[in-house]
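Data block for model25.txt (compact mmCIF, C-alpha atoms):
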```
# COMPACT_ATOMS: atom_id res chain seq x y z
CA MET A 518 0.00 0.00 0.00
CA ILE A 519 2.73 2.49 1.01
CA ASN A 520 4.85 1.45 -2.00
CA GLU A 521 1.87 2.02 -4.29
CA ILE A 522 1.35 5.53 -2.89
CA LEU A 523 5.07 6.33 -3.10
CA PHE A 524 5.84 4.96 -6.58
CA MET A 525 2.42 5.46 -8.25
CA ASN A 526 3.07 3.12 -11.17
CA GLY A 527 6.32 4.90 -12.02
CA TYR A 528 4.81 8.41 -11.86
CA GLY A 529 5.67 9.01 -8.18
CA ALA A 530 8.51 11.44 -8.90
CA TYR A 531 6.23 13.64 -11.06
CA VAL A 532 3.23 13.51 -8.71
CA TRP A 533 5.16 14.03 -5.47
CA SER A 534 7.34 16.81 -6.89
CA SER A 535 4.16 18.66 -8.00
CA PHE A 536 2.54 18.36 -4.58
CA ILE A 537 5.75 19.20 -2.70
CA PHE A 538 6.35 22.26 -4.92
CA THR A 539 2.77 23.45 -4.30
CA LEU A 540 2.86 22.99 -0.53
CA SER A 541 6.36 24.53 -0.23
CA SER A 542 5.16 27.55 -2.22
CA PHE A 543 2.22 27.91 0.19
CA PHE A 544 4.57 27.78 3.16
CA ILE A 545 6.99 30.34 1.67
CA LEU A 546 4.25 32.85 0.74
CA TYR A 547 2.47 32.44 4.10
CA SER A 548 5.75 32.97 6.00
CA ALA A 549 6.71 36.00 3.91
CA ILE A 550 3.31 37.70 4.37
CA LYS A 551 3.21 36.83 8.08
CA LEU A 552 6.70 38.31 8.51
CA GLN A 553 5.61 41.55 6.80
CA LEU A 554 2.52 41.76 9.02
CA VAL A 555 4.49 41.22 12.25
CA LYS A 556 7.10 43.77 11.12
CA GLU A 557 4.46 46.44 10.46
CA GLN A 558 2.67 45.69 13.75
CA LYS A 559 5.96 46.04 15.65
CA LYS A 560 6.71 49.30 13.85
CA PHE A 561 3.27 50.59 14.85
CA ASP A 562 3.79 49.50 18.48
CA MET A 563 7.15 51.23 18.61
CA LYS A 564 5.84 54.48 17.09
CA PHE A 565 2.83 54.51 19.39
CA ARG A 566 4.98 54.02 22.50
CA ASN A 567 7.16 56.96 21.52
CA LEU A 568 4.23 59.36 21.09
CA SER A 569 3.73 62.14 23.63
CA SER A 570 0.66 61.79 25.90
CA GLU A 571 -1.15 64.52 23.94
CA LYS A 572 -0.62 62.73 20.66
CA VAL A 573 -1.66 59.40 22.21
CA GLU A 574 -4.98 60.93 23.24
CA LEU A 575 -5.35 62.45 19.78
CA ALA A 576 -4.62 59.11 18.14
CA LYS A 577 -7.02 57.23 20.40
CA LYS A 578 -9.84 59.58 19.40
CA GLN A 579 -9.41 58.68 15.74
CA GLU A 580 -11.64 55.86 14.64
CA THR A 581 -8.96 54.07 12.60
CA TYR A 582 -6.64 53.82 15.59
CA ARG A 583 -9.39 52.63 17.90
CA GLU A 584 -9.87 49.72 15.53
CA LEU A 585 -6.16 48.97 15.32
CA LEU A 586 -5.13 49.32 18.95
CA PRO A 587 -6.97 46.29 20.37
CA ASN A 588 -4.93 44.10 18.01
CA THR A 589 -1.53 45.33 19.09
CA SER A 590 0.53 45.00 22.23
CA VAL A 591 -0.04 48.74 22.83
CA SER A 592 -3.49 47.83 24.11
CA LYS A 593 -1.88 45.86 26.94
CA ILE A 594 -0.05 48.89 28.36
CA MET B 179 -22.83 49.85 -0.07
CA LEU B 180 -19.26 51.06 -0.49
CA ASN B 181 -19.20 51.50 3.30
CA TYR B 182 -18.65 47.72 3.55
CA PHE B 183 -15.19 48.37 2.08
CA ASN B 184 -14.41 50.89 4.80
CA PRO B 185 -11.01 49.83 6.25
CA ASN B 186 -12.30 50.30 9.81
CA ASN B 187 -15.07 47.76 9.34
CA ILE B 188 -12.86 45.39 7.38
CA LEU B 189 -10.05 45.42 9.95
CA VAL B 190 -12.40 44.13 12.65
CA ILE B 191 -13.75 41.45 10.31
CA ILE B 192 -10.22 40.44 9.20
CA ASN B 193 -9.01 39.80 12.72
CA ARG B 194 -12.05 37.72 13.55
CA LEU B 195 -11.84 35.77 10.29
CA ARG B 196 -8.11 35.05 9.99
CA LYS B 197 -7.74 32.29 12.56
CA PHE B 198 -10.98 30.67 11.48
CA VAL B 199 -9.94 30.69 7.80
CA PHE B 200 -6.51 29.25 8.68
CA ALA B 201 -8.03 26.37 10.68
CA LEU B 202 -10.59 25.67 7.96
CA PHE B 203 -7.86 25.76 5.28
CA ILE B 204 -5.76 23.15 7.12
CA ILE B 205 -8.76 20.82 7.59
CA VAL B 206 -9.97 21.11 3.97
CA LEU B 207 -6.40 20.76 2.63
CA LEU B 208 -5.78 17.55 4.62
CA ILE B 209 -9.06 16.04 3.39
CA GLY B 210 -8.24 17.13 -0.16
CA LEU B 211 -4.72 15.65 -0.06
CA PHE B 212 -6.05 12.34 1.26
CA GLU B 213 -8.70 12.25 -1.47
CA ALA B 214 -6.24 13.28 -4.21
CA LEU B 215 -3.32 11.03 -3.29
CA VAL B 216 -5.02 7.98 -1.79
CA LEU B 217 -8.75 7.65 -2.48
CA SER B 218 -9.14 8.91 -6.04
CA PRO B 219 -8.65 6.35 -8.82
CA GLU B 220 -5.90 6.37 -11.43
CA ASP B 221 -6.82 7.35 -14.99
CA TYR B 222 -7.17 4.59 -17.61
CA LYS B 223 -4.88 6.50 -19.99
CA GLN B 224 -2.63 8.68 -17.83
CA SER B 225 -2.43 6.28 -14.88
CA ASP B 226 -1.33 7.94 -11.60
CA SER B 227 0.11 11.03 -13.31
CA VAL B 228 -3.48 12.32 -13.43
CA ARG B 229 -3.16 13.16 -9.71
CA ILE B 230 -1.13 16.24 -10.71
CA MET B 231 -4.48 17.59 -11.93
CA TYR B 232 -5.55 18.11 -8.29
CA VAL B 233 -2.95 20.85 -7.80
CA HIS B 234 -2.60 22.06 -11.40
CA VAL B 235 -6.25 22.74 -12.28
CA PRO B 236 -7.34 24.53 -9.04
CA SER B 237 -4.21 26.72 -9.27
CA ALA B 238 -5.03 27.69 -12.85
CA TRP B 239 -8.69 28.40 -12.01
CA ILE B 240 -7.85 30.53 -8.98
CA SER B 241 -5.07 32.53 -10.67
CA LEU B 242 -7.44 33.29 -13.54
CA GLY B 243 -10.30 34.15 -11.15
CA ILE B 244 -8.16 36.46 -9.04
CA PHE B 245 -6.82 38.30 -12.08
CA SER B 246 -10.37 38.78 -13.39
CA LEU B 247 -11.40 40.20 -10.01
CA ILE B 248 -8.36 42.51 -9.94
CA SER B 249 -9.23 43.77 -13.44
CA ILE B 250 -12.90 44.40 -12.59
CA LEU B 251 -11.92 46.27 -9.40
CA SER B 252 -9.39 48.26 -11.44
CA PHE B 253 -12.26 49.66 -13.50
CA GLY B 254 -13.78 50.72 -10.16
CA ILE B 255 -10.52 52.37 -9.16
CA LEU B 256 -10.27 54.42 -12.37
CA ILE B 257 -13.99 55.29 -12.58
CA PHE B 258 -14.98 55.81 -8.91
CA LYS B 259 -11.48 56.74 -7.64
CA ASN B 260 -12.02 54.30 -4.75
CA LYS B 261 -8.65 53.83 -3.03
CA ASN B 262 -9.88 50.89 -0.96
CA PHE B 263 -10.28 48.95 -4.18
CA SER B 264 -6.58 49.54 -4.89
CA LEU B 265 -5.72 48.11 -1.45
CA ILE B 266 -7.88 45.07 -2.24
CA THR B 267 -6.27 44.50 -5.66
CA LYS B 268 -2.78 44.95 -4.21
CA SER B 269 -3.57 42.38 -1.52
CA LEU B 270 -5.04 39.89 -3.99
CA ALA B 271 -2.07 39.90 -6.37
CA PRO B 272 0.52 37.83 -4.37
CA SER B 273 -1.67 34.72 -4.06
CA GLY B 274 -2.89 35.09 -7.68
CA PHE B 275 0.70 35.23 -8.92
CA LEU B 276 1.71 32.28 -6.75
CA PHE B 277 -1.12 30.14 -8.14
CA ASN B 278 -0.17 31.19 -11.67
CA VAL B 279 3.41 29.99 -11.07
CA ILE B 280 2.16 26.74 -9.50
CA ALA B 281 -0.09 26.12 -12.54
CA LEU B 282 2.86 26.66 -14.91
CA VAL B 283 5.33 24.52 -12.94
CA THR B 284 2.96 21.63 -12.22
CA GLY B 285 1.72 21.79 -15.82
CA SER B 286 5.30 21.46 -16.98
CA ILE B 287 5.89 18.50 -14.65
CA TRP B 288 2.65 16.89 -15.90
CA GLY B 289 3.64 17.53 -19.52
CA ARG B 290 6.81 15.43 -19.26
CA PRO B 291 5.13 12.01 -18.78
CA THR B 292 2.01 12.78 -20.87
CA TRP B 293 3.37 14.79 -23.83
CA GLY B 294 7.04 13.80 -23.58
CA THR B 295 8.17 17.42 -23.09
CA TRP B 296 8.50 19.88 -20.22
CA TRP B 297 7.36 22.85 -22.29
CA ALA B 298 5.54 23.62 -25.54
CA TRP B 299 4.73 27.04 -26.96
CA ASP B 300 1.06 26.21 -27.46
CA ALA B 301 -1.81 28.67 -26.99
CA ARG B 302 -2.90 27.68 -23.45
CA ILE B 303 0.58 27.50 -21.97
CA THR B 304 1.80 30.67 -23.67
CA SER B 305 -1.29 32.64 -22.60
CA MET B 306 -0.80 31.41 -19.01
CA LEU B 307 2.81 32.60 -19.17
CA LEU B 308 1.53 35.95 -20.43
CA LEU B 309 -0.85 36.09 -17.45
CA ALA B 310 2.14 35.55 -15.12
CA ILE B 311 3.91 38.46 -16.83
CA PHE B 312 0.86 40.69 -16.27
CA TYR B 313 0.79 39.65 -12.61
CA LEU B 314 4.50 40.45 -12.33
CA MET B 315 4.06 43.86 -13.98
CA PHE B 316 1.11 44.58 -11.65
CA ILE B 317 3.16 43.72 -8.54
CA LEU B 318 6.24 45.60 -9.78
CA SER B 319 4.20 48.72 -10.59
CA TRP B 320 3.71 49.15 -6.82
CA ARG B 321 7.42 48.80 -6.14
CA ILE B 322 8.89 50.93 -8.92
CA THR B 323 7.44 54.26 -7.78
CA ASP B 324 6.96 55.84 -4.33
CA ASP B 325 4.12 57.98 -5.70
CA THR B 326 1.00 56.07 -4.59
CA ASP B 327 -1.31 57.79 -7.10
CA LYS B 328 0.99 56.88 -9.99
CA ALA B 329 1.26 53.29 -8.74
CA ILE B 330 -2.54 53.00 -8.47
CA LYS B 331 -3.04 54.29 -12.02
CA ALA B 332 -0.25 52.16 -13.52
CA SER B 333 -1.35 48.95 -11.78
CA SER B 334 -5.00 49.53 -12.77
CA VAL B 335 -4.10 50.09 -16.42
CA ILE B 336 -1.94 46.93 -16.42
CA ALA B 337 -4.81 44.91 -14.90
CA ILE B 338 -7.33 46.24 -17.43
CA ILE B 339 -5.04 45.52 -20.40
CA GLY B 340 -4.36 42.06 -18.91
CA LEU B 341 -8.11 41.36 -18.86
CA ILE B 342 -7.93 40.89 -22.66
CA ASN B 343 -5.75 37.84 -22.00
CA VAL B 344 -8.27 36.16 -19.65
CA PRO B 345 -10.73 34.90 -22.34
CA ILE B 346 -7.72 33.93 -24.48
CA VAL B 347 -6.50 31.66 -21.66
CA LYS B 348 -10.00 30.23 -21.13
CA PHE B 349 -10.91 29.59 -24.77
CA SER B 350 -7.43 28.95 -26.23
CA VAL B 351 -8.05 25.19 -26.23
CA ASP B 352 -11.24 25.70 -28.29
CA TRP B 353 -9.94 28.38 -30.65
CA TRP B 354 -6.63 26.73 -31.57
CA SER B 355 -5.37 23.20 -31.97
CA THR B 356 -3.24 22.74 -28.86
CA LEU B 357 -1.46 20.00 -26.95
CA HIS B 358 -3.53 20.95 -23.93
CA GLN B 359 -6.75 19.00 -23.47
CA PRO B 360 -10.12 20.85 -23.60
CA ALA B 361 -11.93 21.69 -20.34
CA SER B 362 -13.44 18.65 -18.58
CA VAL B 363 -15.38 20.68 -16.03
CA ASN B 364 -18.02 23.05 -17.40
CA LEU B 365 -20.56 25.12 -15.50
CA LEU B 366 -22.83 25.57 -18.50
CA LYS B 367 -22.31 22.28 -20.38
CA ASP B 368 -22.02 18.66 -19.23
CA THR B 369 -19.00 17.86 -17.10
CA THR B 370 -17.03 14.97 -18.60
CA ILE B 371 -15.05 14.09 -15.48
CA HIS B 372 -16.17 11.19 -13.23
CA SER B 373 -17.43 12.07 -9.75
CA SER B 374 -14.62 10.03 -8.14
CA MET B 375 -12.19 12.59 -9.62
CA LEU B 376 -14.50 15.60 -9.44
CA VAL B 377 -14.90 15.38 -5.65
CA PRO B 378 -11.16 15.65 -4.81
CA LEU B 379 -10.84 18.37 -7.47
CA VAL B 380 -13.60 20.42 -5.83
CA ILE B 381 -12.15 19.88 -2.34
CA MET B 382 -8.65 20.92 -3.45
CA THR B 383 -10.14 23.99 -5.19
CA ALA B 384 -11.91 24.91 -1.94
CA ALA B 385 -8.63 24.50 -0.01
CA PHE B 386 -6.73 26.67 -2.49
CA ALA B 387 -9.49 29.31 -2.41
CA LEU B 388 -9.27 29.38 1.40
CA PHE B 389 -5.50 29.83 1.15
CA SER B 390 -6.01 32.79 -1.20
CA LEU B 391 -8.51 34.29 1.24
CA LEU B 392 -6.06 33.82 4.13
CA ILE B 393 -3.20 35.48 2.25
CA PHE B 394 -5.53 38.28 1.14
CA LEU B 395 -6.67 38.95 4.72
CA MET B 396 -3.09 39.02 6.04
CA LYS B 397 -1.82 41.23 3.21
CA TYR B 398 -4.76 43.61 3.49
CA ASN B 399 -4.18 43.88 7.24
CA THR B 400 -0.50 44.67 6.58
CA GLU B 401 -1.40 47.38 4.07
CA LEU B 402 -3.84 49.00 6.52
CA ILE B 403 -1.21 49.06 9.28
CA LYS B 404 1.27 50.60 6.82
CA ILE B 405 -1.21 53.42 6.15
CA LYS B 406 -1.81 53.93 9.85
CA ASN B 407 1.94 54.00 10.46
CA LYS B 408 2.20 56.84 7.96
CA GLY B 409 -0.74 58.50 9.75
CA LEU B 410 1.11 58.36 13.09
CA ASP B 411 4.04 60.18 11.50
CA ARG B 412 1.69 63.01 10.52
CA LEU B 413 0.15 63.45 14.01
```
What's the structure tokens form of this structure?
Amino acid sequence: MINEILFMNGYGAYVWSSFIFTLSSFFILYSAIKLQLVKEQKKFDMKFRNLSSEKVELAKKQETYRELLPNTSVSKI
Amino acid sequence: MLNYFNPNNILVIINRLRKFVFALFIIVLLIGLFEALVLSPEDYKQSDSVRIMYVHVPSAWISLGIFSLISILSFGILIFKNKNFSLITKSLAPSGFLFNVIALVTGSIWGRPTWGTWWAWDARITSMLLLAIFYLMFILSWRITDDTDKAIKASSVIAIIGLINVPIVKFSVDWWSTLHQPASVNLLKDTTIHSSMLVPLVIMTAAFALFSLLIFLMKYNTELIKIKNKGLDRL
């Protein structure tokens, strides 16, 4: 049974290489996008921490920031 | 209606959806892989090499679907000047391009045992390569210039011109004599593929669509945070 799945009547190399290429591509794209997202979130955290108290209040009043803050570590301060 | 595309509403939805989509993608993918590699039968002509279809065909469908969507939204960008549409198209492009590349590479691997060659300059394959070039130009148009307005215009024009290629890809196997086989799955006509092969094909398509949605949500989230980062600088 395992041999059948591995060798696939002589087509195993073609079938497995196609599936492995597809799944590896998924992994690479997912990792790259995740990395970008984490980087931008960290940048936002850092910038927000360095704001003066006046600017923090100003930022918190803006709707866009209210939506973003609960999803960042800034909300845990 | 356009309020649904308001980044504030979408950001909340994205964060709720992302984990759910990821979990669903893993489950559907595992079922699809089991169906495609173990349960589905071999083809009477192509034997087990037919299993490549379960990654090749969904990739081609999704890359074509995403490009069509990008092109339609690009009309919206140029006509209604809706910048949210440009964020959506920008976030859709990476997964569309990836699926285009997967379709080309797996098609090439499938071509070797069935046609005896890795590559042929026939209408379907060449038009798919052209689609990949349009995707690449679309993605690069965002990187070449720092002027966002210019990038939006350039990428929209590229997507609209690329739309001409979409029906060529779809109907190339009917219009010209090609090595590539005609479509076996039709929404309007009878489907000529057996249900034992159609089921894994549909499941794998669903898994790939979920992956596209996941990448879109993550990329869109990243783009929104980038904008808000710029906004913080202006405070």
> If I put a ball of radius 8 Å at (1.5, 9.6, -14.0) in the file's coordinates, which residues poke into it when counting all atoms listed in the file, written as a PyMOL selection string?
Replying inline: (chain A and resi 525-529+531-532) or (chain B and resi 224-230+288+291-292)
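The list of chain A residues within 7 Å of chain B is A:Ile522, A:Met525, A:Asn526, A:Tyr528, A:Tyr531, A:Val532, A:Ser535, A:Phe536, A:Thr539, A:Tyr547, A:Ile550, A:Lys551, A:Gln553, A:Leu554, A:Glu557, A:Gln558, A:Phe561, A:Lys572, A:Thr581, A:Glu584; this uses all atoms listed in the file.
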Could the residues in this selection be saved with C-alpha atoms as an mmCIF file, in the coordinates of the input?
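What follows is the written file again-v9.cif:
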```cif
data_model
loop_
_atom_site.group_PDB
_atom_site.id
_atom_site.type_symbol
_atom_site.label_atom_id
_atom_site.label_comp_id
_atom_site.auth_asym_id
_atom_site.auth_seq_id
_atom_site.Cartn_x
_atom_site.Cartn_y
_atom_site.Cartn_z
ATOM 1 C CA ILE A 522 1.350 5.530 -2.890
ATOM 2 C CA MET A 525 2.420 5.460 -8.250
ATOM 3 C CA ASN A 526 3.070 3.120 -11.170
ATOM 4 C CA TYR A 528 4.810 8.410 -11.860
ATOM 5 C CA TYR A 531 6.230 13.640 -11.060
ATOM 6 C CA VAL A 532 3.230 13.510 -8.710
ATOM 7 C CA SER A 535 4.160 18.660 -8.000
ATOM 8 C CA PHE A 536 2.540 18.360 -4.580
ATOM 9 C CA THR A 539 2.770 23.450 -4.300
ATOM 10 C CA TYR A 547 2.470 32.440 4.100
ATOM 11 C CA ILE A 550 3.310 37.700 4.370
ATOM 12 C CA LYS A 551 3.210 36.830 8.080
ATOM 13 C CA GLN A 553 5.610 41.550 6.800
ATOM 14 C CA LEU A 554 2.520 41.760 9.020
ATOM 15 C CA GLU A 557 4.460 46.440 10.460
ATOM 16 C CA GLN A 558 2.670 45.690 13.750
ATOM 17 C CA PHE A 561 3.270 50.590 14.850
ATOM 18 C CA LYS A 572 -0.620 62.730 20.660
ATOM 19 C CA THR A 581 -8.960 54.070 12.600
ATOM 20 C CA GLU A 584 -9.870 49.720 15.530
#
```
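Of note, atom CA of B:Asn262 and atom CA of B:Ser319 are spaced 17.2 Å apart.
The two atoms in question, atom CA of B:Gly340 and atom CA of B:Phe312, are spaced 6.0 Å apart.
You can rank B:Met306, B:Asp221, B:Ser374, B:Ile204 by their closest distance to B:Ile346 using only C-alpha atoms, and at the top of that list sits B:Met306.
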Could you rebuild stretch 529-560 of chain A with N, CA and C atoms and give me the result as a tab-separated table (two decimals), in the coordinates of the input?
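Below is the file that was written, rebuild.tsv:
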```tsv
chain	number	residue	atom	x	y	z
A	529	GLY	N	5.50	8.43	-9.52
A	529	GLY	CA	5.67	9.01	-8.18
A	529	GLY	C	6.50	10.28	-8.17
A	530	ALA	N	7.62	10.27	-8.90
A	530	ALA	CA	8.51	11.44	-8.90
A	530	ALA	C	7.78	12.67	-9.42
A	531	TYR	N	6.96	12.50	-10.48
A	531	TYR	CA	6.23	13.64	-11.06
A	531	TYR	C	5.13	14.12	-10.10
A	532	VAL	N	4.36	13.14	-9.57
A	532	VAL	CA	3.23	13.51	-8.71
A	532	VAL	C	3.73	14.16	-7.42
A	533	TRP	N	4.69	13.51	-6.75
A	533	TRP	CA	5.16	14.03	-5.47
A	533	TRP	C	5.86	15.37	-5.63
A	534	SER	N	6.65	15.52	-6.71
A	534	SER	CA	7.34	16.81	-6.89
A	534	SER	C	6.32	17.94	-7.10
A	535	SER	N	5.21	17.64	-7.80
A	535	SER	CA	4.16	18.66	-8.00
A	535	SER	C	3.53	19.08	-6.67
A	536	PHE	N	3.18	18.07	-5.86
A	536	PHE	CA	2.54	18.36	-4.58
A	536	PHE	C	3.50	19.07	-3.62
A	537	ILE	N	4.76	18.59	-3.60
A	537	ILE	CA	5.75	19.20	-2.70
A	537	ILE	C	6.02	20.65	-3.12
A	538	PHE	N	6.12	20.88	-4.43
A	538	PHE	CA	6.35	22.26	-4.92
A	538	PHE	C	5.19	23.16	-4.48
A	539	THR	N	3.95	22.66	-4.65
A	539	THR	CA	2.77	23.45	-4.30
A	539	THR	C	2.75	23.79	-2.81
A	540	LEU	N	2.95	22.77	-1.98
A	540	LEU	CA	2.86	22.99	-0.53
A	540	LEU	C	4.02	23.86	-0.03
A	541	SER	N	5.21	23.68	-0.62
A	541	SER	CA	6.36	24.53	-0.23
A	541	SER	C	6.08	25.98	-0.60
A	542	SER	N	5.49	26.19	-1.79
A	542	SER	CA	5.16	27.55	-2.22
A	542	SER	C	4.18	28.20	-1.24
A	543	PHE	N	3.19	27.41	-0.79
A	543	PHE	CA	2.22	27.91	0.19
A	543	PHE	C	2.96	28.37	1.45
A	544	PHE	N	3.85	27.50	1.91
A	544	PHE	CA	4.57	27.78	3.16
A	544	PHE	C	5.41	29.05	3.02
A	545	ILE	N	6.10	29.19	1.88
A	545	ILE	CA	6.99	30.34	1.67
A	545	ILE	C	6.16	31.64	1.62
A	546	LEU	N	5.06	31.63	0.85
A	546	LEU	CA	4.25	32.85	0.74
A	546	LEU	C	3.62	33.20	2.09
A	547	TYR	N	3.09	32.19	2.79
A	547	TYR	CA	2.47	32.44	4.10
A	547	TYR	C	3.49	33.05	5.05
A	548	SER	N	4.71	32.47	5.09
A	548	SER	CA	5.75	32.97	6.00
A	548	SER	C	6.15	34.40	5.64
A	549	ALA	N	6.29	34.67	4.34
A	549	ALA	CA	6.71	36.00	3.91
A	549	ALA	C	5.66	37.05	4.29
A	550	ILE	N	4.38	36.74	4.06
A	550	ILE	CA	3.31	37.70	4.37
A	550	ILE	C	3.17	37.88	5.89
A	551	LYS	N	3.31	36.78	6.61
A	551	LYS	CA	3.21	36.83	8.08
A	551	LYS	C	4.34	37.71	8.65
A	552	LEU	N	5.53	37.54	8.08
A	552	LEU	CA	6.70	38.31	8.51
A	552	LEU	C	6.47	39.81	8.30
A	553	GLN	N	5.92	40.14	7.11
A	553	GLN	CA	5.61	41.55	6.80
A	553	GLN	C	4.61	42.12	7.80
A	554	LEU	N	3.58	41.32	8.11
A	554	LEU	CA	2.52	41.76	9.02
A	554	LEU	C	3.09	42.02	10.41
A	555	VAL	N	3.90	41.08	10.91
A	555	VAL	CA	4.49	41.22	12.25
A	555	VAL	C	5.41	42.44	12.29
A	556	LYS	N	6.18	42.63	11.19
A	556	LYS	CA	7.10	43.77	11.12
A	556	LYS	C	6.34	45.10	11.21
A	557	GLU	N	5.25	45.21	10.45
A	557	GLU	CA	4.46	46.44	10.46
A	557	GLU	C	3.79	46.67	11.80
A	558	GLN	N	3.32	45.56	12.43
A	558	GLN	CA	2.67	45.69	13.75
A	558	GLN	C	3.68	46.17	14.78
A	559	LYS	N	4.91	45.63	14.71
A	559	LYS	CA	5.96	46.04	15.65
A	559	LYS	C	6.32	47.51	15.46
A	560	LYS	N	6.40	47.91	14.17
A	560	LYS	CA	6.71	49.30	13.85
A	560	LYS	C	5.64	50.22	14.45
```
